[in-house]
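Undergrad: For reference, the file model-v8.pdb (PDB, C-alpha atoms and all ligand atoms) is included below:
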```pdb
ATOM      1  CA  MET A   1     103.103-193.755  15.696
ATOM      2  CA  SER A   2     102.437-190.396  17.307
ATOM      3  CA  SER A   3     103.999-187.053  16.579
ATOM      4  CA  SER A   4     103.398-183.378  17.039
ATOM      5  CA  SER A   5     104.679-180.254  15.358
ATOM      6  CA  ALA A   6     104.774-176.878  17.042
ATOM      7  CA  THR A   7     104.954-174.746  13.928
ATOM      8  CA  THR A   8     102.755-174.524  10.869
ATOM      9  CA  GLU A   9     103.081-172.226   7.917
ATOM     10  CA  ASN A  10      99.903-170.253   7.474
ATOM     11  CA  PRO A  11      98.828-170.988   3.876
ATOM     12  CA  SER A  12      96.679-167.802   3.942
ATOM     13  CA  PRO A  13      98.751-165.115   5.625
ATOM     14  CA  GLU A  14      95.965-162.581   4.970
ATOM     15  CA  LEU A  15      93.629-164.531   7.312
ATOM     16  CA  PRO A  16      92.975-162.834  10.678
ATOM     17  CA  ALA A  17      94.666-164.803  13.453
ATOM     18  CA  VAL A  18      92.630-166.833  15.946
ATOM     19  CA  ARG A  19      91.691-164.334  18.652
ATOM     20  CA  GLU A  20      94.023-164.061  21.631
ATOM     21  CA  GLU A  21      91.278-164.517  24.226
ATOM     22  CA  ILE A  22      90.310-167.857  22.620
ATOM     23  CA  LEU A  23      93.921-169.074  22.647
ATOM     24  CA  ASP A  24      94.345-167.856  26.248
ATOM     25  CA  TYR A  25      91.160-169.601  27.378
ATOM     26  CA  TYR A  26      92.301-172.981  26.014
ATOM     27  CA  ALA A  27      95.900-172.464  27.163
ATOM     28  CA  ARG A  28      94.539-172.829  30.720
ATOM     29  CA  GLY A  29      94.480-176.559  30.003
ATOM     30  CA  LYS A  30      90.950-177.335  31.168
ATOM     31  CA  GLU A  31      89.652-178.762  27.903
ATOM     32  CA  ASP A  32      91.081-182.262  28.275
ATOM     33  CA  ALA A  33      88.924-183.041  31.325
ATOM     34  CA  ARG A  34      85.754-181.236  30.208
ATOM     35  CA  ILE A  35      83.956-184.185  28.634
ATOM     36  CA  ARG A  36      85.836-187.040  30.250
ATOM     37  CA  ARG A  37      84.198-186.443  33.647
ATOM     38  CA  GLY A  38      80.904-185.548  35.307
ATOM     39  CA  SER A  39      77.922-184.526  33.211
ATOM     40  CA  GLY A  40      80.253-183.722  30.261
ATOM     41  CA  ARG A  41      80.463-187.477  29.640
ATOM     42  CA  LEU A  42      77.008-187.327  28.063
ATOM     43  CA  GLU A  43      78.371-185.105  25.240
ATOM     44  CA  PHE A  44      81.407-187.396  24.912
ATOM     45  CA  TRP A  45      79.508-190.684  24.731
ATOM     46  CA  ARG A  46      76.756-189.329  22.510
ATOM     47  CA  THR A  47      79.311-187.859  20.073
ATOM     48  CA  GLN A  48      80.946-191.269  19.966
ATOM     49  CA  ASP A  49      77.553-192.955  19.524
ATOM     50  CA  VAL A  50      76.591-190.755  16.544
ATOM     51  CA  LEU A  51      80.029-190.804  14.879
ATOM     52  CA  ARG A  52      80.296-194.589  15.074
ATOM     53  CA  ARG A  53      77.120-194.748  12.969
ATOM     54  CA  LEU A  54      78.152-192.032  10.475
ATOM     55  CA  LEU A  55      81.795-192.822   9.728
ATOM     56  CA  PRO A  56      83.005-195.262   7.072
ATOM     57  CA  ALA A  57      84.507-198.438   8.523
ATOM     58  CA  ALA A  58      88.142-198.258   9.691
ATOM     59  CA  PRO A  59      90.799-198.062   8.428
ATOM     60  CA  ALA A  60      90.245-194.565   7.012
ATOM     61  CA  ARG A  61      91.946-191.160   7.332
ATOM     62  CA  VAL A  62      90.157-188.814   9.742
ATOM     63  CA  LEU A  63      91.101-185.143  10.011
ATOM     64  CA  ASP A  64      89.983-183.898  13.445
ATOM     65  CA  VAL A  65      89.916-180.113  13.007
ATOM     66  CA  GLY A  66      89.768-178.284  16.345
ATOM     67  CA  GLY A  67      90.388-181.658  17.925
ATOM     68  CA  GLY A  68      91.671-180.075  21.138
ATOM     69  CA  SER A  69      93.696-182.368  23.361
ATOM     70  CA  GLY A  70      92.533-185.375  21.336
ATOM     71  CA  VAL A  71      89.572-186.610  23.399
ATOM     72  CA  HIS A  72      87.877-187.978  20.274
ATOM     73  CA  ALA A  73      91.089-188.640  18.308
ATOM     74  CA  GLU A  74      92.127-191.071  21.043
ATOM     75  CA  TRP A  75      89.165-193.454  20.716
ATOM     76  CA  LEU A  76      89.031-193.040  16.927
ATOM     77  CA  ALA A  77      92.668-194.189  16.710
ATOM     78  CA  ARG A  78      91.809-197.087  19.021
ATOM     79  CA  ASP A  79      88.943-197.969  16.641
ATOM     80  CA  GLY A  80      91.529-198.279  13.842
ATOM     81  CA  TYR A  81      91.351-194.861  12.138
ATOM     82  CA  GLU A  82      94.426-192.887  11.107
ATOM     83  CA  VAL A  83      93.765-189.589  12.876
ATOM     84  CA  GLU A  84      95.362-186.185  12.509
ATOM     85  CA  VAL A  85      94.387-183.331  14.838
ATOM     86  CA  ILE A  86      94.632-179.728  13.633
ATOM     87  CA  ASP A  87      94.297-177.109  16.384
ATOM     88  CA  PRO A  88      95.552-173.541  16.934
ATOM     89  CA  VAL A  89      96.449-174.093  20.611
ATOM     90  CA  PRO A  90     100.041-175.348  21.130
ATOM     91  CA  LEU A  91      99.129-177.149  24.384
ATOM     92  CA  HIS A  92      96.400-179.118  22.565
ATOM     93  CA  VAL A  93      98.747-180.048  19.711
ATOM     94  CA  ASP A  94     101.271-181.271  22.241
ATOM     95  CA  GLN A  95      98.666-183.304  24.188
ATOM     96  CA  ALA A  96      97.023-184.821  21.094
ATOM     97  CA  GLY A  97     100.346-185.592  19.424
ATOM     98  CA  ARG A  98     101.355-187.820  22.368
ATOM     99  CA  LEU A  99      98.362-190.128  21.912
ATOM    100  CA  PRO A 100      99.014-193.523  20.302
ATOM    101  CA  GLY A 101      98.111-193.502  16.603
ATOM    102  CA  VAL A 102      97.419-189.740  16.513
ATOM    103  CA  THR A 103      99.422-187.021  14.789
ATOM    104  CA  ALA A 104      98.816-183.342  15.492
ATOM    105  CA  ARG A 105      99.691-180.012  13.915
ATOM    106  CA  LEU A 106      99.000-176.355  14.582
ATOM    107  CA  GLY A 107      96.467-174.879  12.183
ATOM    108  CA  ASP A 108      93.284-172.904  11.639
ATOM    109  CA  ALA A 109      90.037-174.420  10.311
ATOM    110  CA  ARG A 110      89.800-171.551   7.802
ATOM    111  CA  ALA A 111      93.120-172.411   6.135
ATOM    112  CA  LEU A 112      93.871-176.080   6.659
ATOM    113  CA  PRO A 113      97.530-177.046   6.101
ATOM    114  CA  VAL A 114      96.317-180.195   4.336
ATOM    115  CA  GLU A 115      96.310-181.483   0.703
ATOM    116  CA  ASP A 116      93.164-181.379  -1.428
ATOM    117  CA  ALA A 117      90.962-184.529  -1.268
ATOM    118  CA  SER A 118      93.450-186.265   1.048
ATOM    119  CA  GLN A 119      91.019-187.244   3.870
ATOM    120  CA  ASP A 120      88.274-189.871   4.085
ATOM    121  CA  VAL A 121      86.458-187.933   6.842
ATOM    122  CA  VAL A 122      86.655-184.397   8.224
ATOM    123  CA  LEU A 123      85.437-183.679  11.763
ATOM    124  CA  MET A 124      84.979-180.119  12.955
ATOM    125  CA  LEU A 125      83.937-180.533  16.585
ATOM    126  CA  GLY A 126      84.710-177.109  17.994
ATOM    127  CA  PRO A 127      85.974-174.558  15.443
ATOM    128  CA  LEU A 128      82.489-173.319  14.484
ATOM    129  CA  TYR A 129      81.939-172.427  18.175
ATOM    130  CA  HIS A 130      84.676-169.827  17.905
ATOM    131  CA  LEU A 131      83.929-168.226  14.532
ATOM    132  CA  PRO A 132      81.279-165.593  15.288
ATOM    133  CA  GLU A 133      81.216-164.277  11.685
ATOM    134  CA  ARG A 134      79.233-166.342   9.185
ATOM    135  CA  PRO A 135      81.788-165.915   6.321
ATOM    136  CA  ASP A 136      84.465-167.444   8.597
ATOM    137  CA  ARG A 137      82.239-170.444   9.359
ATOM    138  CA  VAL A 138      81.493-170.943   5.665
ATOM    139  CA  LYS A 139      85.228-170.614   4.920
ATOM    140  CA  ALA A 140      86.006-173.343   7.474
ATOM    141  CA  LEU A 141      83.366-175.633   5.937
ATOM    142  CA  SER A 142      84.740-174.853   2.442
ATOM    143  CA  GLU A 143      88.145-175.977   3.659
ATOM    144  CA  ALA A 144      86.589-179.229   4.919
ATOM    145  CA  LEU A 145      85.065-179.684   1.454
ATOM    146  CA  ARG A 146      88.437-179.074  -0.206
ATOM    147  CA  VAL A 147      90.372-181.613   1.859
ATOM    148  CA  VAL A 148      87.811-184.445   2.062
ATOM    149  CA  ARG A 149      87.705-186.967  -0.802
ATOM    150  CA  PRO A 150      84.711-186.854  -3.193
ATOM    151  CA  GLY A 151      81.803-188.604  -1.455
ATOM    152  CA  GLY A 152      83.456-188.240   1.974
ATOM    153  CA  PRO A 153      81.571-187.127   5.102
ATOM    154  CA  VAL A 154      82.050-183.901   7.050
ATOM    155  CA  VAL A 155      80.601-183.641  10.566
ATOM    156  CA  ALA A 156      80.520-180.331  12.436
ATOM    157  CA  ALA A 157      79.448-179.497  15.984
ATOM    158  CA  THR A 158      77.700-176.316  17.077
ATOM    159  CA  ILE A 159      76.601-175.011  20.460
ATOM    160  CA  ASN A 160      72.896-174.325  20.530
ATOM    161  CA  ARG A 161      71.598-170.770  20.621
ATOM    162  CA  HIS A 162      69.942-171.089  24.040
ATOM    163  CA  ALA A 163      72.482-173.425  25.661
ATOM    164  CA  ALA A 164      73.854-170.660  27.907
ATOM    165  CA  LEU A 165      70.367-169.728  29.085
ATOM    166  CA  HIS A 166      69.550-173.360  29.921
ATOM    167  CA  ASP A 167      72.911-174.037  31.553
ATOM    168  CA  LEU A 168      72.913-170.887  33.690
ATOM    169  CA  LEU A 169      69.334-171.493  34.790
ATOM    170  CA  ARG A 170      70.265-175.018  35.815
ATOM    171  CA  LYS A 171      73.271-173.788  37.789
ATOM    172  CA  GLU A 172      71.313-170.796  39.199
ATOM    173  CA  HIS A 173      73.937-168.342  37.829
ATOM    174  CA  TYR A 174      71.067-166.873  35.816
ATOM    175  CA  PHE A 175      69.793-165.137  38.961
ATOM    176  CA  ASP A 176      72.941-163.001  39.030
ATOM    177  CA  PRO A 177      72.020-159.808  37.097
ATOM    178  CA  VAL A 178      75.386-159.566  35.244
ATOM    179  CA  HIS A 179      75.219-163.184  34.074
ATOM    180  CA  ARG A 180      71.539-162.794  33.209
ATOM    181  CA  ALA A 181      72.095-159.721  31.012
ATOM    182  CA  HIS A 182      74.930-161.453  29.147
ATOM    183  CA  THR A 183      72.979-164.686  28.747
ATOM    184  CA  ASP A 184      69.917-162.902  27.408
ATOM    185  CA  GLU A 185      72.188-161.154  24.899
ATOM    186  CA  VAL A 186      73.607-164.530  23.771
ATOM    187  CA  SER A 187      70.080-165.885  23.280
ATOM    188  CA  ALA A 188      69.137-162.823  21.244
ATOM    189  CA  THR A 189      72.255-162.579  19.054
ATOM    190  CA  GLY A 190      74.198-165.855  19.318
ATOM    191  CA  ARG A 191      77.311-163.890  20.292
ATOM    192  CA  HIS A 192      79.059-164.914  23.492
ATOM    193  CA  GLY A 193      81.701-162.614  24.945
ATOM    194  CA  THR A 194      84.215-163.121  27.726
ATOM    195  CA  VAL A 195      81.983-161.881  30.586
ATOM    196  CA  GLY A 196      82.550-163.697  33.881
ATOM    197  CA  GLY A 197      85.406-165.823  32.522
ATOM    198  CA  LEU A 198      83.118-168.874  32.258
ATOM    199  CA  PHE A 199      83.811-169.247  28.533
ATOM    200  CA  THR A 200      85.321-167.173  25.739
ATOM    201  CA  THR A 201      84.374-165.512  22.440
ATOM    202  CA  ALA A 202      81.941-167.850  20.737
ATOM    203  CA  TYR A 203      78.926-168.171  18.488
ATOM    204  CA  PHE A 204      75.815-170.060  19.629
ATOM    205  CA  ALA A 205      73.948-171.230  16.534
ATOM    206  CA  GLU A 206      70.334-171.936  15.743
ATOM    207  CA  PRO A 207      70.293-175.556  14.472
ATOM    208  CA  THR A 208      68.643-174.434  11.223
ATOM    209  CA  GLU A 209      71.553-172.097  10.378
ATOM    210  CA  VAL A 210      74.085-174.885  10.001
ATOM    211  CA  PRO A 211      72.718-176.855   7.011
ATOM    212  CA  ALA A 212      72.457-173.548   5.136
ATOM    213  CA  GLU A 213      76.132-172.857   5.890
ATOM    214  CA  PHE A 214      77.040-176.389   4.707
ATOM    215  CA  SER A 215      75.183-175.735   1.431
ATOM    216  CA  GLU A 216      76.856-172.372   0.946
ATOM    217  CA  ALA A 217      80.239-174.085   1.372
ATOM    218  CA  GLY A 218      79.298-176.614  -1.338
ATOM    219  CA  LEU A 219      78.621-179.561   1.013
ATOM    220  CA  VAL A 220      75.403-181.579   0.823
ATOM    221  CA  PRO A 221      73.777-181.507   4.301
ATOM    222  CA  GLU A 222      72.407-184.923   5.288
ATOM    223  CA  GLY A 223      71.294-184.896   8.913
ATOM    224  CA  GLN A 224      71.373-183.301  12.356
ATOM    225  CA  TYR A 225      71.763-184.941  15.747
ATOM    226  CA  GLY A 226      71.030-183.328  19.106
ATOM    227  CA  LEU A 227      73.625-184.774  21.484
ATOM    228  CA  GLU A 228      72.206-184.376  24.973
ATOM    229  CA  GLY A 229      68.447-183.985  24.474
ATOM    230  CA  VAL A 230      67.118-182.494  27.710
ATOM    231  CA  ALA A 231      68.968-185.001  29.912
ATOM    232  CA  TRP A 232      71.935-182.607  30.421
ATOM    233  CA  LEU A 233      69.593-180.221  32.266
ATOM    234  CA  MET A 234      68.426-182.776  34.821
ATOM    235  CA  GLY A 235      69.830-182.460  38.359
ATOM    236  CA  GLY A 236      70.667-186.168  38.660
ATOM    237  CA  VAL A 237      72.394-186.656  35.330
ATOM    238  CA  GLU A 238      75.910-187.064  36.724
ATOM    239  CA  GLN A 239      74.823-189.886  39.040
ATOM    240  CA  TRP A 240      72.744-191.505  36.288
ATOM    241  CA  LEU A 241      75.858-191.651  34.091
ATOM    242  CA  ASP A 242      77.754-193.382  36.916
ATOM    243  CA  ASP A 243      75.201-196.223  36.905
ATOM    244  CA  PRO A 244      75.601-198.483  33.832
ATOM    245  CA  GLU A 245      71.890-199.376  33.647
ATOM    246  CA  ARG A 246      70.653-195.790  33.970
ATOM    247  CA  ARG A 247      73.396-194.571  31.631
ATOM    248  CA  GLU A 248      72.174-196.934  28.924
ATOM    249  CA  ALA A 249      68.578-195.756  29.477
ATOM    250  CA  VAL A 250      69.678-192.104  29.107
ATOM    251  CA  MET A 251      71.725-192.940  26.004
ATOM    252  CA  SER A 252      68.926-194.808  24.256
ATOM    253  CA  ALA A 253      66.244-192.219  25.156
ATOM    254  CA  THR A 254      68.496-189.439  23.853
ATOM    255  CA  ARG A 255      69.298-191.434  20.714
ATOM    256  CA  ARG A 256      65.592-191.969  20.032
ATOM    257  CA  ILE A 257      64.859-188.217  19.906
ATOM    258  CA  GLU A 258      68.220-187.107  18.450
ATOM    259  CA  SER A 259      66.897-185.905  15.085
ATOM    260  CA  ASP A 260      63.458-184.638  16.097
ATOM    261  CA  PRO A 261      63.490-181.091  14.670
ATOM    262  CA  ALA A 262      61.272-179.841  17.523
ATOM    263  CA  LEU A 263      63.900-180.917  20.081
ATOM    264  CA  LEU A 264      67.219-180.201  18.344
ATOM    265  CA  GLY A 265      67.598-176.828  20.060
ATOM    266  CA  ALA A 266      67.071-178.296  23.547
ATOM    267  CA  SER A 267      70.405-180.142  23.460
ATOM    268  CA  GLY A 268      73.538-178.284  24.435
ATOM    269  CA  HIS A 269      75.187-179.299  21.150
ATOM    270  CA  VAL A 270      74.133-180.427  17.690
ATOM    271  CA  LEU A 271      76.143-182.413  15.148
ATOM    272  CA  THR A 272      75.419-181.570  11.525
ATOM    273  CA  ALA A 273      76.527-184.163   8.982
ATOM    274  CA  GLY A 274      77.064-183.570   5.291
ATOM    275  CA  ARG A 275      79.069-184.878   2.383
ATOM    276  CA  ARG A 276      81.173-183.784  -0.547
ATOM    277  CA  ARG A 277      79.449-184.769  -3.789
ATOM    278  CA  SER A 278      80.983-187.839  -5.479
TER     279      SER A 278
HETATM  280  C1  LIG B 301      85.384-176.857  22.846
HETATM  281  S1  LIG B 301      86.902-177.334  22.147
HETATM  282  C2  LIG B 301      86.469-178.903  21.407
HETATM  283  C3  LIG B 301      87.555-179.913  21.461
HETATM  284  C4  LIG B 301      87.169-181.300  20.929
HETATM  285  N1  LIG B 301      87.037-181.301  19.483
HETATM  286  C5  LIG B 301      85.875-181.802  21.545
HETATM  287  O1  LIG B 301      84.922-182.041  20.807
HETATM  288  O2  LIG B 301      85.815-181.974  22.781
HETATM  289  C6  LIG B 301      87.065-176.265  20.736
HETATM  290  C7  LIG B 301      88.384-176.465  20.005
HETATM  291  O3  LIG B 301      88.379-175.663  18.804
HETATM  292  C8  LIG B 301      89.662-175.103  18.652
HETATM  293  N2  LIG B 301      89.557-173.911  17.790
HETATM  294  C9  LIG B 301      89.176-172.662  18.120
HETATM  295  N3  LIG B 301      89.245-171.850  17.031
HETATM  296  C10 LIG B 301      89.670-172.636  15.993
HETATM  297  C11 LIG B 301      89.953-172.400  14.624
HETATM  298  N4  LIG B 301      89.813-171.184  14.059
HETATM  299  N5  LIG B 301      90.393-173.425  13.862
HETATM  300  C12 LIG B 301      90.555-174.667  14.414
HETATM  301  N6  LIG B 301      90.288-174.945  15.702
HETATM  302  C13 LIG B 301      89.864-173.943  16.483
HETATM  303  C14 LIG B 301      90.106-174.819  20.079
HETATM  304  O4  LIG B 301      91.504-174.675  20.182
HETATM  305  C15 LIG B 301      89.575-176.051  20.814
HETATM  306  O5  LIG B 301      90.517-177.091  20.817
END
```
So that I can check it, write out the structure of this file as structure tokens.

TA:
Amino acid sequence: MSSSSATTENPSPELPAVREEILDYYARGKEDARIRRGSGRLEFWRTQDVLRRLLPAAPARVLDVGGGSGVHAEWLARDGYEVEVIDPVPLHVDQAGRLPGVTARLGDARALPVEDASQDVVLMLGPLYHLPERPDRVKALSEALRVVRPGGPVVAATINRHAALHDLLRKEHYFDPVHRAHTDEVSATGRHGTVGGLFTTAYFAEPTEVPAEFSEAGLVPEGQYGLEGVAWLMGGVEQWLDDPERREAVMSATRRIESDPALLGASGHVLTAGRRRS
């Protein structure tokens, strides 16, 4: 059964709303294709690869917070999970809610419209990108703790601190002085603004920051997984992913180094996994 709901009562009316520029960026509708095509498939397949090892066996209830248009909800539902997407962007809620086996509601990671201890798993693959203030990120993780059952896993994604620097170098945008100044600022502070329209307000995290934020929220951090290794920076990666043999070689090489602390920050994204105490 699939369903969507366009309105959600905010359980914490005092919470600042999700920023307009973030909502506007995602309302453009580009998110659904981002990791289904081209080099973005590496993030998609590696997220799937890591989650399939971390999640309890289906059937189980998965809350996909910041689940966007449902790119991960879709395959999770196909794997037999009961998936609900929570997202602040109406277009995403509409897209995700049409997927077989997926329900979707409007909501904010910092005030989840969900019952205490009602979920077997909480995924947060996106919201921490868009919460530049540490107390907001800890609040979102505290909400994950509240709604997951005792002993249940929480997995959160972050964008790495120097991902913009690496990406812009690769695409040669870094040689444009405006992009370079902004990118150097992101590397120095973690704060990404709206310059150039390439992305929106975001926070680029050092991998080591995230387990500390899990702990502050009351979660027990258990592991970190770099998703793309350095493969995402290679010129031929898109073609490699088109070739099943080369794709498998890239996947297994990236898997082998996924938790090497010296390499975590080289990936574009890191998954941090933790758990609510039993
Ligand atoms: C880069 S997309 C990731 C989508 C999908 N989870 C994925 O992994 O491809 C980030 C998502 O976080 C959502 N988001 C932004 N701020 C949020 C917040 N405060 N609470 C929940 N979701 C938020 C956005 O609407 C968007 O769908």

Undergrad: What residues come out when you apply the PyMOL selection byres (((chain A and resi 182) around 10) and not hetatm) to this file, written as a PyMOL selection string?

TA: chain A and resi 164-165+174+177-181+183-188+191-196

Undergrad: List as a PyMOL selection string the protein and nucleic acid residues lying within 9 Å of ligand LIG 301 (chain B), with all atoms listed in the file counted.

TA: chain A and resi 17-19+22-23+25-27+31-32+34-35+43-44+47+64-73+85-90+92-93+106-112+123-131+136-137+140+157

Undergrad: I'd like to know which of A:Pro59, A:Gly223, A:Gly29, A:Pro132 is closest to Leu91 (chain A), using all atoms listed in the file.

TA: A:Gly29

Undergrad: Separation of CA of Val121 (chain A) and CA of Val62 (chain A), in Å?

TA: 4.8 Å

Undergrad: Tell me, in Å to one decimal, how far CA of Pro211 (chain A) is from CA of Pro150 (chain A).

TA: 18.7 Å

Undergrad: Which residues, written as a list of chain:residue names, have at least one atom at most 9 Å from His166 (chain A), with all atoms listed in the file counted and residues fewer than 5 positions away on the same chain left out?

TA: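 Once the nearby chain positions are removed, what remains is A:Lys171, A:Tyr174, A:Leu233, A:Ala266, A:Gly268.
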
Undergrad: What does the distance between CA of Val210 (chain A) and CA of Gly226 (chain A) come to in Å, to one decimal place?

TA: 12.8 Å

Undergrad: Let me make sure I understand: among A:Ser259, A:Gln95, A:Gln224, A:Thr158, which one has the smallest atom-to-atom distance to Ala273 (chain A) if we use only C-alpha atoms?

TA: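 Checking each of A:Ser259, A:Gln95, A:Gln224, A:Thr158 against Ala273 (chain A), counting only C-alpha atoms, the winner is A:Gln224.
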
Undergrad: Would you write out, as a PyMOL selection string, every residue that the PyMOL selection byres (((chain A and resi 253) around 12) and not hetatm) captures in this file?

TA: chain A and resi 46+226-231+246-252+254-259

Undergrad: Near Gly80 (chain A), counting all atoms listed in the file, which residues have an atom at most 10 Å away, once you skip same-chain residues fewer than 2 positions from it, shown as a PyMOL selection string?

TA: chain A and resi 57-61+75-78+82-83+101

Undergrad: Could you check the closest approach to Arg146 (chain A) for each of A:Asp243, A:Asp94, A:Asp116, A:Glu133 and tell me which residue wins, using all atoms listed in the file?

TA: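 Nearest to Arg146 (chain A): A:Asp116.
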
Undergrad: Given the point (80.2, -184.5, 8.9) in the file's coordinates, find the residues that have an atom at most 7 Å from it, counting all atoms listed in the file, and give them as a PyMOL selection string.

TA: chain A and resi 122-123+153-156+272-275

Undergrad: My list of candidates is A:Val102, A:Glu74, A:Ala202, A:Ala144. Which is closest to Val114 (chain A) when distances are computed with only C-alpha atoms?

TA: A:Ala144
